[in-house]
Structure formats: C-alpha cells, structure tokens
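The structure file protein08.pdb is reproduced below (PDB, C-alpha atoms and all ligand atoms).
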ATOM      1  CA  MET A   1     -11.844 -30.042 -28.333
ATOM      2  CA  VAL A   2     -13.766 -26.764 -28.439
ATOM      3  CA  GLU A   3     -11.673 -23.953 -26.998
ATOM      4  CA  HIS A   4     -13.089 -22.441 -23.836
ATOM      5  CA  ARG A   5     -14.120 -18.835 -24.319
ATOM      6  CA  TRP A   6     -12.851 -16.340 -21.737
ATOM      7  CA  ALA A   7     -15.804 -14.079 -20.893
ATOM      8  CA  HIS A   8     -14.319 -11.805 -18.199
ATOM      9  CA  LYS A   9     -13.605  -8.216 -19.128
ATOM     10  CA  HIS A  10     -12.188  -7.689 -15.628
ATOM     11  CA  LEU A  11      -9.854  -9.817 -13.515
ATOM     12  CA  LEU A  12     -10.935  -9.037  -9.963
ATOM     13  CA  SER A  13     -10.543 -12.284  -8.037
ATOM     14  CA  ILE A  14      -9.687 -15.964  -8.374
ATOM     15  CA  ALA A  15     -13.064 -16.709  -6.795
ATOM     16  CA  ASP A  16     -14.713 -15.449 -10.036
ATOM     17  CA  LEU A  17     -12.853 -17.936 -12.252
ATOM     18  CA  SER A  18     -13.926 -21.434 -13.227
ATOM     19  CA  VAL A  19     -11.491 -24.324 -13.636
ATOM     20  CA  GLU A  20     -11.842 -23.840 -17.427
ATOM     21  CA  ASP A  21     -10.959 -20.145 -17.060
ATOM     22  CA  LEU A  22      -7.873 -21.098 -15.051
ATOM     23  CA  GLU A  23      -6.847 -23.559 -17.746
ATOM     24  CA  THR A  24      -7.367 -20.947 -20.486
ATOM     25  CA  VAL A  25      -5.267 -18.226 -18.872
ATOM     26  CA  LEU A  26      -2.542 -20.633 -17.727
ATOM     27  CA  ALA A  27      -2.235 -22.276 -21.147
ATOM     28  CA  LYS A  28      -1.826 -18.867 -22.754
ATOM     29  CA  ALA A  29       0.673 -17.791 -20.097
ATOM     30  CA  ASP A  30       2.631 -21.030 -20.523
ATOM     31  CA  ALA A  31       3.037 -20.320 -24.242
ATOM     32  CA  ASN A  32       4.132 -16.737 -23.432
ATOM     33  CA  PHE A  33       6.703 -18.090 -20.971
ATOM     34  CA  ASP A  34       8.293 -20.388 -23.588
ATOM     35  CA  GLU A  35       8.179 -17.701 -26.235
ATOM     36  CA  ALA A  36       9.920 -15.151 -23.987
ATOM     37  CA  ARG A  37      12.735 -17.608 -23.232
ATOM     38  CA  LYS A  38      13.310 -18.121 -26.948
ATOM     39  CA  ARG A  39      13.256 -14.477 -27.955
ATOM     40  CA  PRO A  40      11.538 -11.718 -26.008
ATOM     41  CA  LYS A  41      10.141 -10.011 -29.070
ATOM     42  CA  LYS A  42       7.516  -7.343 -29.115
ATOM     43  CA  GLY A  43       4.128  -8.493 -30.386
ATOM     44  CA  ASP A  44       1.204  -6.412 -31.551
ATOM     45  CA  ALA A  45      -1.873  -8.022 -29.958
ATOM     46  CA  LEU A  46      -2.515  -4.800 -28.013
ATOM     47  CA  ARG A  47      -1.165  -2.276 -30.504
ATOM     48  CA  GLY A  48      -3.118   0.988 -30.220
ATOM     49  CA  ARG A  49      -4.335   0.066 -26.736
ATOM     50  CA  THR A  50      -3.566   1.984 -23.566
ATOM     51  CA  VAL A  51      -2.929   0.308 -20.228
ATOM     52  CA  ILE A  52      -2.674   2.485 -17.119
ATOM     53  CA  ASN A  53      -1.080   1.196 -13.917
ATOM     54  CA  VAL A  54      -2.698   2.926 -10.931
ATOM     55  CA  PHE A  55      -0.835   1.915  -7.777
ATOM     56  CA  PHE A  56      -1.937   3.216  -4.382
ATOM     57  CA  GLU A  57       0.523   0.923  -2.580
ATOM     58  CA  SER A  58       4.195   0.327  -3.217
ATOM     59  CA  SER A  59       5.236  -2.410  -5.597
ATOM     60  CA  THR A  60       8.330  -3.579  -7.435
ATOM     61  CA  ARG A  61       7.487  -6.824  -9.194
ATOM     62  CA  THR A  62       3.779  -6.447  -9.868
ATOM     63  CA  ARG A  63       3.921  -2.985 -11.355
ATOM     64  CA  SER A  64       6.995  -3.507 -13.478
ATOM     65  CA  SER A  65       5.795  -6.859 -14.776
ATOM     66  CA  PHE A  66       2.400  -5.429 -15.791
ATOM     67  CA  GLU A  67       4.348  -2.704 -17.589
ATOM     68  CA  VAL A  68       6.664  -5.152 -19.348
ATOM     69  CA  ALA A  69       3.677  -7.382 -20.186
ATOM     70  CA  GLY A  70       1.687  -4.525 -21.743
ATOM     71  CA  LYS A  71       4.666  -3.282 -23.741
ATOM     72  CA  ARG A  72       5.534  -6.753 -24.970
ATOM     73  CA  LEU A  73       2.022  -6.929 -26.440
ATOM     74  CA  GLY A  74       2.485  -3.577 -28.166
ATOM     75  CA  ALA A  75       0.305  -1.478 -25.819
ATOM     76  CA  ASP A  76       1.161   2.004 -24.587
ATOM     77  CA  VAL A  77       1.632   1.742 -20.834
ATOM     78  CA  VAL A  78       1.345   4.645 -18.409
ATOM     79  CA  ASN A  79       2.285   4.407 -14.719
ATOM     80  CA  ILE A  80       0.658   6.524 -12.076
ATOM     81  CA  SER A  81       2.272   6.637  -8.704
ATOM     82  CA  VAL A  82      -0.087   7.947  -6.093
ATOM     83  CA  SER A  83       2.469   9.916  -4.120
ATOM     84  CA  THR A  84       2.965  12.185  -7.159
ATOM     85  CA  SER A  85      -0.682  12.193  -8.357
ATOM     86  CA  SER A  86      -3.666  14.339  -7.359
ATOM     87  CA  VAL A  87      -4.799  11.656  -4.917
ATOM     88  CA  SER A  88      -2.300  13.274  -2.578
ATOM     89  CA  LYS A  89      -4.331  16.488  -3.084
ATOM     90  CA  GLY A  90      -7.548  14.800  -1.946
ATOM     91  CA  GLU A  91      -9.001  13.493  -5.221
ATOM     92  CA  THR A  92     -11.250  10.442  -4.837
ATOM     93  CA  LEU A  93     -10.475   7.071  -6.374
ATOM     94  CA  LEU A  94     -13.504   7.337  -8.631
ATOM     95  CA  ASP A  95     -12.569  10.813  -9.913
ATOM     96  CA  THR A  96      -9.088   9.582 -10.691
ATOM     97  CA  VAL A  97     -10.472   6.609 -12.615
ATOM     98  CA  LYS A  98     -13.096   8.692 -14.493
ATOM     99  CA  ASN A  99     -10.360  11.046 -15.661
ATOM    100  CA  LEU A 100      -8.232   8.170 -16.878
ATOM    101  CA  GLU A 101     -11.237   6.659 -18.632
ATOM    102  CA  VAL A 102     -11.790   9.711 -20.850
ATOM    103  CA  MET A 103      -8.145   9.459 -21.890
ATOM    104  CA  ARG A 104      -9.337   6.211 -23.494
ATOM    105  CA  ALA A 105      -7.637   3.783 -21.163
ATOM    106  CA  ASP A 106      -8.492   0.259 -22.333
ATOM    107  CA  ALA A 107      -7.325  -1.326 -19.097
ATOM    108  CA  MET A 108      -6.465  -0.070 -15.646
ATOM    109  CA  VAL A 109      -4.347  -2.149 -13.333
ATOM    110  CA  ILE A 110      -5.217  -1.197  -9.778
ATOM    111  CA  ARG A 111      -3.451  -1.832  -6.489
ATOM    112  CA  HIS A 112      -5.212  -0.367  -3.476
ATOM    113  CA  GLN A 113      -5.086  -0.738   0.294
ATOM    114  CA  ALA A 114      -8.884  -1.147   0.519
ATOM    115  CA  SER A 115     -10.304  -4.629  -0.059
ATOM    116  CA  GLY A 116     -12.876  -4.402  -2.863
ATOM    117  CA  ALA A 117     -11.559  -1.149  -4.417
ATOM    118  CA  PRO A 118     -11.067  -2.718  -7.887
ATOM    119  CA  ASN A 119     -14.603  -4.188  -7.776
ATOM    120  CA  PHE A 120     -15.998  -0.755  -6.950
ATOM    121  CA  VAL A 121     -14.082   0.872  -9.796
ATOM    122  CA  ALA A 122     -15.080  -1.886 -12.239
ATOM    123  CA  ALA A 123     -18.742  -1.058 -11.692
ATOM    124  CA  HIS A 124     -18.127   2.542 -12.807
ATOM    125  CA  THR A 125     -15.918   2.340 -15.887
ATOM    126  CA  ARG A 126     -15.895   0.920 -19.401
ATOM    127  CA  ALA A 127     -12.217  -0.006 -19.107
ATOM    128  CA  SER A 128     -11.067  -3.476 -18.102
ATOM    129  CA  ILE A 129      -9.968  -3.528 -14.468
ATOM    130  CA  LEU A 130      -7.225  -5.877 -13.324
ATOM    131  CA  ASN A 131      -6.744  -6.281  -9.603
ATOM    132  CA  ALA A 132      -3.048  -6.002  -8.705
ATOM    133  CA  GLY A 133      -3.717  -6.606  -4.995
ATOM    134  CA  ASP A 134      -6.532  -5.106  -2.913
ATOM    135  CA  GLY A 135      -5.955  -4.848   0.816
ATOM    136  CA  MET A 136      -6.306  -8.214   2.518
ATOM    137  CA  HIS A 137      -8.665  -9.568  -0.146
ATOM    138  CA  GLU A 138      -7.136 -10.987  -3.350
ATOM    139  CA  HIS A 139      -4.129 -10.819  -5.637
ATOM    140  CA  PRO A 140      -5.308 -12.886  -8.594
ATOM    141  CA  THR A 141      -2.332 -12.495 -10.952
ATOM    142  CA  GLN A 142       0.022 -13.525  -8.123
ATOM    143  CA  ALA A 143      -1.932 -16.769  -7.600
ATOM    144  CA  LEU A 144      -1.932 -17.370 -11.354
ATOM    145  CA  LEU A 145       1.826 -16.886 -11.631
ATOM    146  CA  ASP A 146       2.340 -19.155  -8.638
ATOM    147  CA  ALA A 147       0.094 -21.744 -10.282
ATOM    148  CA  LEU A 148       2.042 -21.483 -13.537
ATOM    149  CA  THR A 149       5.334 -21.945 -11.682
ATOM    150  CA  ILE A 150       3.994 -24.985  -9.802
ATOM    151  CA  ARG A 151       2.508 -26.493 -12.949
ATOM    152  CA  ARG A 152       5.731 -26.096 -14.893
ATOM    153  CA  HIS A 153       7.534 -27.988 -12.105
ATOM    154  CA  PHE A 154       5.105 -30.778 -11.396
ATOM    155  CA  GLY A 155       3.098 -30.927 -14.628
ATOM    156  CA  THR A 156      -0.139 -30.621 -12.684
ATOM    157  CA  LEU A 157      -2.063 -28.521 -10.165
ATOM    158  CA  SER A 158      -3.967 -31.408  -8.652
ATOM    159  CA  GLY A 159      -2.967 -33.935  -6.017
ATOM    160  CA  LEU A 160      -0.184 -31.748  -4.620
ATOM    161  CA  THR A 161       0.289 -30.560  -1.046
ATOM    162  CA  VAL A 162       1.099 -26.869  -0.751
ATOM    163  CA  ALA A 163       2.095 -25.342   2.587
ATOM    164  CA  ILE A 164       1.567 -21.567   2.768
ATOM    165  CA  CYS A 165       3.282 -20.161   5.848
ATOM    166  CA  GLY A 166       3.457 -16.824   7.622
ATOM    167  CA  ASP A 167       1.150 -13.858   8.063
ATOM    168  CA  ILE A 168      -1.967 -15.487   6.599
ATOM    169  CA  VAL A 169      -4.515 -13.058   8.010
ATOM    170  CA  HIS A 170      -3.124 -10.050   6.160
ATOM    171  CA  SER A 171      -2.153 -11.901   3.000
ATOM    172  CA  ARG A 172      -4.116 -11.492  -0.223
ATOM    173  CA  VAL A 173      -1.543 -13.852  -1.759
ATOM    174  CA  ALA A 174      -2.512 -16.651   0.665
ATOM    175  CA  ARG A 175      -6.229 -16.135  -0.004
ATOM    176  CA  SER A 176      -5.956 -16.167  -3.790
ATOM    177  CA  ASN A 177      -3.642 -19.176  -3.728
ATOM    178  CA  ALA A 178      -5.830 -21.169  -1.345
ATOM    179  CA  ILE A 179      -8.895 -20.534  -3.505
ATOM    180  CA  LEU A 180      -7.086 -21.420  -6.732
ATOM    181  CA  LEU A 181      -5.460 -24.605  -5.436
ATOM    182  CA  GLY A 182      -8.752 -25.674  -3.864
ATOM    183  CA  LYS A 183     -10.409 -25.387  -7.272
ATOM    184  CA  THR A 184      -7.732 -27.437  -9.017
ATOM    185  CA  GLY A 185      -7.672 -30.204  -6.390
ATOM    186  CA  SER A 186      -4.476 -29.686  -4.423
ATOM    187  CA  LYS A 187      -4.295 -29.718  -0.618
ATOM    188  CA  VAL A 188      -3.523 -26.404   1.058
ATOM    189  CA  ARG A 189      -1.991 -26.156   4.527
ATOM    190  CA  LEU A 190      -2.113 -22.675   5.988
ATOM    191  CA  CYS A 191       0.437 -22.211   8.743
ATOM    192  CA  GLY A 192       1.297 -19.366  11.074
ATOM    193  CA  PRO A 193       0.958 -18.142  14.641
ATOM    194  CA  LYS A 194      -2.612 -17.876  15.931
ATOM    195  CA  THR A 195      -2.283 -14.076  15.893
ATOM    196  CA  MET A 196      -1.713 -14.200  12.132
ATOM    197  CA  MET A 197      -4.441 -16.701  11.235
ATOM    198  CA  PRO A 198      -7.908 -15.562  10.146
ATOM    199  CA  ARG A 199     -10.805 -17.053  12.065
ATOM    200  CA  GLU A 200     -12.316 -18.359   8.826
ATOM    201  CA  ALA A 201      -8.999 -19.847   7.590
ATOM    202  CA  GLN A 202     -10.468 -23.327   7.222
ATOM    203  CA  GLU A 203     -13.044 -22.027   4.754
ATOM    204  CA  LEU A 204     -10.413 -20.434   2.518
ATOM    205  CA  GLY A 205     -10.424 -22.836  -0.391
ATOM    206  CA  ALA A 206     -12.040 -26.232  -0.642
ATOM    207  CA  THR A 207      -9.091 -28.290   0.618
ATOM    208  CA  THR A 208      -7.568 -26.162   3.360
ATOM    209  CA  SER A 209      -6.236 -27.269   6.729
ATOM    210  CA  VAL A 210      -4.868 -24.956   9.419
ATOM    211  CA  HIS A 211      -1.561 -25.430  11.288
ATOM    212  CA  THR A 212       0.330 -23.576  13.968
ATOM    213  CA  ASN A 213       3.419 -25.777  13.749
ATOM    214  CA  LEU A 214       5.748 -25.239  10.783
ATOM    215  CA  ASP A 215       7.260 -28.753  10.836
ATOM    216  CA  GLU A 216       3.776 -30.250  10.702
ATOM    217  CA  ALA A 217       2.806 -28.017   7.760
ATOM    218  CA  VAL A 218       6.012 -28.776   5.830
ATOM    219  CA  ASP A 219       5.875 -32.545   6.456
ATOM    220  CA  GLY A 220       5.534 -34.309   3.067
ATOM    221  CA  ALA A 221       4.711 -31.074   1.207
ATOM    222  CA  ASP A 222       5.478 -30.632  -2.500
ATOM    223  CA  VAL A 223       5.556 -26.856  -2.262
ATOM    224  CA  VAL A 224       6.465 -24.596   0.652
ATOM    225  CA  MET A 225       5.419 -20.991   0.102
ATOM    226  CA  MET A 226       6.701 -18.465   2.623
ATOM    227  CA  LEU A 227       5.096 -15.069   3.250
ATOM    228  CA  ARG A 228       6.367 -11.783   4.612
ATOM    229  CA  ILE A 229       4.815 -10.259   7.725
ATOM    230  CA  GLN A 230       2.673  -7.442   6.305
ATOM    231  CA  ASN A 231       3.862  -4.803   8.770
ATOM    232  CA  GLU A 232       1.908  -2.098   6.935
ATOM    233  CA  ARG A 233      -1.335  -3.883   7.912
ATOM    234  CA  VAL A 234      -0.361  -4.915  11.438
ATOM    235  CA  TYR A 235      -1.747  -2.667  14.160
ATOM    236  CA  GLY A 236      -1.102  -4.532  17.415
ATOM    237  CA  PRO A 237       1.563  -6.856  18.800
ATOM    238  CA  VAL A 238       1.481 -10.139  16.850
ATOM    239  CA  MET A 239       4.741 -11.713  17.999
ATOM    240  CA  ALA A 240       7.271 -11.469  20.802
ATOM    241  CA  SER A 241      10.203 -10.495  18.557
ATOM    242  CA  THR A 242      11.464 -10.979  15.021
ATOM    243  CA  ARG A 243      14.088 -13.385  16.356
ATOM    244  CA  GLU A 244      11.487 -15.471  18.121
ATOM    245  CA  TYR A 245       9.265 -15.474  15.014
ATOM    246  CA  SER A 246      12.114 -16.573  12.819
ATOM    247  CA  ARG A 247      13.013 -19.393  15.229
ATOM    248  CA  THR A 248       9.440 -20.711  15.275
ATOM    249  CA  PHE A 249       8.115 -19.880  11.810
ATOM    250  CA  GLY A 250      11.185 -19.263   9.652
ATOM    251  CA  LEU A 251      12.045 -21.813   6.967
ATOM    252  CA  ASN A 252      15.607 -23.131   6.952
ATOM    253  CA  THR A 253      17.431 -26.070   5.360
ATOM    254  CA  ARG A 254      16.837 -28.390   8.316
ATOM    255  CA  ARG A 255      13.109 -27.706   8.369
ATOM    256  CA  LEU A 256      12.784 -28.188   4.613
ATOM    257  CA  GLU A 257      14.115 -31.749   5.061
ATOM    258  CA  GLY A 258      10.634 -32.720   6.226
ATOM    259  CA  ALA A 259       9.165 -31.873   2.810
ATOM    260  CA  LYS A 260       9.092 -34.248  -0.200
ATOM    261  CA  PRO A 261      12.536 -34.785  -1.801
ATOM    262  CA  GLY A 262      11.628 -32.751  -4.914
ATOM    263  CA  ALA A 263       9.874 -29.973  -3.004
ATOM    264  CA  ILE A 264      10.189 -26.375  -4.189
ATOM    265  CA  VAL A 265      10.397 -23.195  -2.121
ATOM    266  CA  MET A 266       8.321 -20.190  -3.177
ATOM    267  CA  HIS A 267       7.936 -16.593  -2.043
ATOM    268  CA  PRO A 268       5.944 -13.787  -3.699
ATOM    269  CA  GLY A 269       8.507 -11.185  -2.625
ATOM    270  CA  PRO A 270       9.584  -8.931  -1.127
ATOM    271  CA  ILE A 271      11.594 -11.401   0.998
ATOM    272  CA  ASN A 272      12.651 -10.407   4.469
ATOM    273  CA  ARG A 273      15.793 -12.497   4.429
ATOM    274  CA  GLY A 274      16.570 -14.226   7.685
ATOM    275  CA  VAL A 275      13.058 -13.631   9.049
ATOM    276  CA  GLU A 276      10.619 -15.946   7.226
ATOM    277  CA  LEU A 277      13.205 -17.444   4.886
ATOM    278  CA  ASP A 278      16.850 -18.372   5.435
ATOM    279  CA  THR A 279      18.991 -16.576   2.894
ATOM    280  CA  ARG A 280      20.738 -19.787   1.759
ATOM    281  CA  LEU A 281      17.360 -21.319   0.922
ATOM    282  CA  ALA A 282      16.178 -18.192  -0.873
ATOM    283  CA  ASP A 283      19.148 -18.478  -3.240
ATOM    284  CA  GLY A 284      19.384 -22.286  -3.173
ATOM    285  CA  ALA A 285      18.587 -24.956  -5.746
ATOM    286  CA  ARG A 286      15.068 -25.567  -4.400
ATOM    287  CA  SER A 287      14.068 -21.911  -4.623
ATOM    288  CA  VAL A 288      11.904 -20.878  -7.588
ATOM    289  CA  VAL A 289      11.414 -17.241  -6.554
ATOM    290  CA  LEU A 290      12.932 -15.824  -9.732
ATOM    291  CA  GLU A 291      10.920 -18.216 -11.894
ATOM    292  CA  GLN A 292       7.835 -16.846 -10.170
ATOM    293  CA  VAL A 293       8.804 -13.362 -11.306
ATOM    294  CA  GLU A 294       9.434 -14.631 -14.843
ATOM    295  CA  ALA A 295       6.024 -16.336 -14.818
ATOM    296  CA  GLY A 296       4.528 -13.020 -13.677
ATOM    297  CA  VAL A 297       5.202 -11.344 -17.022
ATOM    298  CA  ALA A 298       3.767 -14.330 -18.918
ATOM    299  CA  VAL A 299       0.613 -14.408 -16.772
ATOM    300  CA  ARG A 300       0.040 -10.649 -16.945
ATOM    301  CA  MET A 301       0.405 -10.709 -20.736
ATOM    302  CA  ALA A 302      -2.255 -13.432 -20.892
ATOM    303  CA  ALA A 303      -4.566 -11.613 -18.468
ATOM    304  CA  LEU A 304      -4.343  -8.241 -20.242
ATOM    305  CA  ASP A 305      -4.875  -9.853 -23.617
ATOM    306  CA  LEU A 306      -7.875 -11.964 -22.531
ATOM    307  CA  CYS A 307      -9.648  -9.228 -20.553
ATOM    308  CA  ILE A 308      -9.235  -6.548 -23.216
ATOM    309  CA  ALA A 309     -10.403  -8.968 -25.933
ATOM    310  CA  ALA A 310     -13.485  -9.827 -23.845
ATOM    311  CA  ASN A 311     -14.391  -6.166 -23.300
ATOM    312  CA  LYS A 312     -17.030  -5.295 -25.889
ATOM    313  CA  GLU A 313     -17.454  -1.772 -24.513
ATOM    314  CA  ILE A 314     -14.036  -0.695 -25.743
ATOM    315  CA  ALA A 315     -14.048  -2.586 -29.055
ATOM    316  CA  VAL A 316     -11.853  -1.013 -31.725
ATOM    317  CA  SER A 317     -12.478  -1.550 -35.439
TER     318      SER A 317
HETATM  319  C1  LIG A 401       2.754  -9.337  -2.307
HETATM  320  C2  LIG A 401       1.646  -8.300  -2.171
HETATM  321  O1  LIG A 401       1.826  -7.124  -2.494
HETATM  322  O2  LIG A 401       0.576  -8.723  -1.768
HETATM  323  N1  LIG A 401       3.806  -8.933  -3.126
HETATM  324  C3  LIG A 401       3.724  -9.100  -4.482
HETATM  325  O3  LIG A 401       2.790  -8.681  -5.132
HETATM  326  N2  LIG A 401       4.703  -9.805  -5.060
HETATM  327  C4  LIG A 401       3.210  -9.839  -0.991
HETATM  328  C5  LIG A 401       3.848  -8.890  -0.039
HETATM  329  O4  LIG A 401       3.829  -7.669  -0.197
HETATM  330  O5  LIG A 401       4.385  -9.401   0.954
END
How would this structure read if it were set down as structure tokens?
Ligand code: NCD
Amino acid sequence: MVEHRWAHKHLLSIADLSVEDLETVLAKADANFDEARKRPKKGDALRGRTVINVFFESSTRTRSSFEVAGKRLGADVVNISVSTSSVSKGETLLDTVKNLEVMRADAMVIRHQASGAPNFVAAHTRASILNAGDGMHEHPTQALLDALTIRRHFGTLSGLTVAICGDIVHSRVARSNAILLGKTGSKVRLCGPKTMMPREAQELGATTSVHTNLDEAVDGADVVMMLRIQNERVYGPVMASTREYSRTFGLNTRRLEGAKPGAIVMHPGPINRGVELDTRLADGARSVVLEQVEAGVAVRMAALDLCIAANKEIAVS
C-alpha cells in the first residue's frame, strides 16, 4: 500500500482533512501512544525547531500537552501567556505573530477567542499554524485525540453511536467531533437544551441527529461525551439553575445504564463535577478522561511533526 502523503502545513480545522489524512495522523499518534507507554524518551524529529504556544484563552491540558509533545520531539518550546504579553498593551494579533515569525518560529500553536483567528494568521506567516481552539469554531487536535481514544477502545471509528451532550452551541469540541465522526461513518447525537443548541446543529457532520432529551441521546450509545457549559461565552440566561440543569442534562450512573454495556464516558475537561457529570462516573471504570489526556500528547506530537514536515517555506538543510 502506498503511504498517504500529508500535505497540510497548517492544522486549522477537521473540515480541511480527508479520511486518508485522518488515518495518517491517527496511525502516527497511535504509534506515539504505545511508544510513550513503553518509555517516554526524547526523540529528535524536531531538533533545532522552535514551537511557540500563543494562548489568548486559558488552558491546562491543551497548552501543556503541546509543550510536552514538542519537547518529546526535541523542539525548543516557548509559551506566551497573553496576560503577561504586549497584547495586554494593545498590540494586534498580527503584530504579535509577525514578531514571533522573525524569531524563526517553525510552528505557532494558537488559541484565540475569535473564530477564524488561526486561519487569518496562517494567511500571513511562513510558520505552521496549529489551531488549539478558536472561539466557537473548531478544536481539531481535541477531536483527533477523542478519535484516537475511541479507536483504541473499539478498534474502529465507523458504525459507532456517539452522544455529545451539553452546551453544543458554544462548543468547538462538539463541532470538530461531529465533523470528524461524520467523515468516518459513525452516528452523532447532539444533545442539550434548546438554548444551547445551534440552529444548524443537524448540518454539523454528515450523520448528526439532534436531541433535547438525555435518556434518548444515551439510549444504545457506544460513547457518551459530556461537555462543560462555556460560561465565558454565555451572555444571556440559558437555564433556570445549575441544579435544574444537572437534574435534566447531567450524566449519572442510572442514566448511563441506557447506553450499550461496553459504553465509555468521555469529557474534554475541565469537568464541572456534579453539574454535567456525576463525580463517581468521572472517576469510574467507564471513564476514559485521563486516557484522552494521554492521547492528547500523542496526537499533538503527530500533528506538529506532520505539519512542520509539510511546510516547504521553513525547510532546513
Ligand atoms: C475545551 C476547550 O477549550 O474548548 N477544553 C479543552 O481543550 N480540553 C472544552 C472546554 O473548555 O470546556
């Protein structure tokens, strides 16, 4: 079989990737995952390269796992936190990026509150841009690490039923996952209160159905993925109270009984324990939330490696 060639110097959205691209990055990530469990040794695929994390929104998992991923490949990794950078003095996004570019950044990992910010930056720099979450748009490496976790459990990404529940309208995680799973042939059920459901929810992904009843969404599912309410993006009243939300849309042991016997529980983090997810389930045998984080390093290693290798504008001899 001829190996599929990855041709993307940027990773901006799942929508840009073909099924072959998904297979390429996931196969590479899968090998990284196994390797790291054996011995997390430092490689040299990105030795001499510089990766800069530019985060305009808070992050624990995504930023640290991009950092660990870059370092494990031998790159020098620099973190910029916006609250201590010149953005807080009024510098534009583009000026910030242009300045980092002349420091010979090979890749910039960008998280920004504006949907499309990484696409905008990508059009103005030679560096590879990796989207680490842009507003309510996409979070491609999160969907890839979720896909890797699911595939390692079920051996496939097709023919499964995946319920994604919570604040769908504000969730870049839900969008990227629905697009990815639609491409690979799994069914996606998006579930949440009407106030948290985008009008175009049905069109998100090729195989998506929309639900406002959690039991209906969980019924017979292989995967139940719970999402946090994105309070930082919520501007009006979307629910009566947290207690009421949790009673109607929170996942607990009794509700999970409706899913398939081998079903797994996922969450991208940060978890609001007791709101969308019962704390016993979060720590229980069906939960794979820490495997998701582990898969995150493996996926981000693969993404950095593939994008930098595909970037002819920054080729080093
Ligand atoms: C998600 C995000 O930032 O979109 N978190 C993450 O990257 N693991 C989800 C969230 O913040 O709720």
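For the residues A:Lys312, A:Arg39, A:Arg5, A:Arg300, ranking by smallest atom-to-atom distance to Val68 (chain A) using only C-alpha atoms places A:Arg300 first.
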**Message:** List as a ChimeraX atom specification the protein and nucleic acid residues near region 271-275 of chain A, meaning an atom at most 7 Å away when all atoms listed in the file are counted, but skip any in the same chain fewer than 6 places from it.
**Reply:** /A:228,242,246,250
Atoms to include: C-alpha atoms. Write the selected residues as a PDB file, in the frame of the given file.
ATOM      1  CA  ARG A 228       6.367 -11.783   4.612  1.00  0.00           C
ATOM      2  CA  THR A 242      11.464 -10.979  15.021  1.00  0.00           C
ATOM      3  CA  SER A 246      12.114 -16.573  12.819  1.00  0.00           C
ATOM      4  CA  GLY A 250      11.185 -19.263   9.652  1.00  0.00           C
TER       5      GLY A 250
END
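Compared by their closest atoms to ligand LIG 401 (chain A), and using all atoms listed in the file, the residues A:Gly258, A:Gly43, A:Gly296, A:Pro270 rank with A:Pro270 nearest.
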**Item:** Spatial neighbours of Thr62 (chain A), 9 Å, all atoms listed in the file, chain gap at least 6 places, as a PyMOL selection string
**Value:** chain A and resi 132-133+141-142+293+296-297
**Request:** Could you tell me, counting all atoms listed in the file, which protein and nucleic acid residues lie no more than 10 Å from ligand LIG 401 (chain A), written as JSON, numbers by chain?
**Result:** {"A": [57, 58, 59, 60, 61, 62, 63, 111, 112, 113, 132, 133, 134, 135, 136, 137, 138, 139, 140, 141, 142, 143, 167, 170, 171, 172, 173, 174, 226, 227, 228, 229, 230, 231, 232, 267, 268, 269, 270, 271, 272, 292, 293, 296]}
**Request:** Just give me the gap between CA of Gly159 (chain A) and CA of Gly185 (chain A) in Å, one decimal is fine.
**Result:** 6.0 Å
